[in-house]
Amino acid sequence: MKKMKFKFDNIRKSFVHVFGGSVLTENFFLKNMRFILASVLVMILFISHRYTVLERMSEIERLQQVLRDAKYESLTISSSLTEASRQGEIERRVQEAGLELKVTNEPVYHIGK
């Protein structure tokens, strides 16, 4: 029981030593303060860079989806226009509209100068 209380007291003392701030005044930390600050700065830069990269990747994925949708829409419109411009479709629409137009069987003549 006494050993366990001794360990608990040691843990409490080390906890107070670290979180009380007195550990920062020790010789080891004072000598290496520049390195520690540089390491913390590099870690912060890496974390912020990773966050920026993730944001850009999600934006790229969103734009790729928009591009894919636009391509499919363009293909659908192109297909509809191709179908509507066929000669048979034009003749059918002329008849439905009741226009008095007929397809000529004679070839077209070009009059030149």
# chains A, B, ... in the order shown; residues from 1 in each chain; ligands from 1

$ select_by_dssp --residues "chain A" --states "helix (DSSP H, G or I)" --output "number ranges by chain"
A: 2-19, 22-25, 27-31, 33-84, 87-97

$ residues_around --residues "range 97-107 of chain A" --least-positions-apart "4" --cutoff "12 Å" --atoms "only C-alpha atoms" --output "PyMOL selection string"
chain A and resi 87-88+90-93

$ write_last_selection --atoms "C-alpha atoms" --output "PDB file, in the first residue's frame"
ATOM      1  CA  GLN A  87     -34.165  14.905 -93.693  1.00  0.00           C
ATOM      2  CA  GLY A  88     -36.902  12.465 -92.715  1.00  0.00           C
ATOM      3  CA  ILE A  90     -37.723  17.661 -91.279  1.00  0.00           C
ATOM      4  CA  GLU A  91     -40.200  16.254 -93.841  1.00  0.00           C
ATOM      5  CA  ARG A  92     -42.371  14.869 -91.040  1.00  0.00           C
ATOM      6  CA  ARG A  93     -42.430  18.202 -89.215  1.00  0.00           C
TER       7      ARG A  93
END

$ atom_distance --atom1 "CA of Glu59 in chain A" --atom2 "CA of Glu73 in chain A"
21.1 Å

$ atom_distance --atom1 "CA of Met33 in chain A" --atom2 "CA of Ile11 in chain A"
25.4 Å
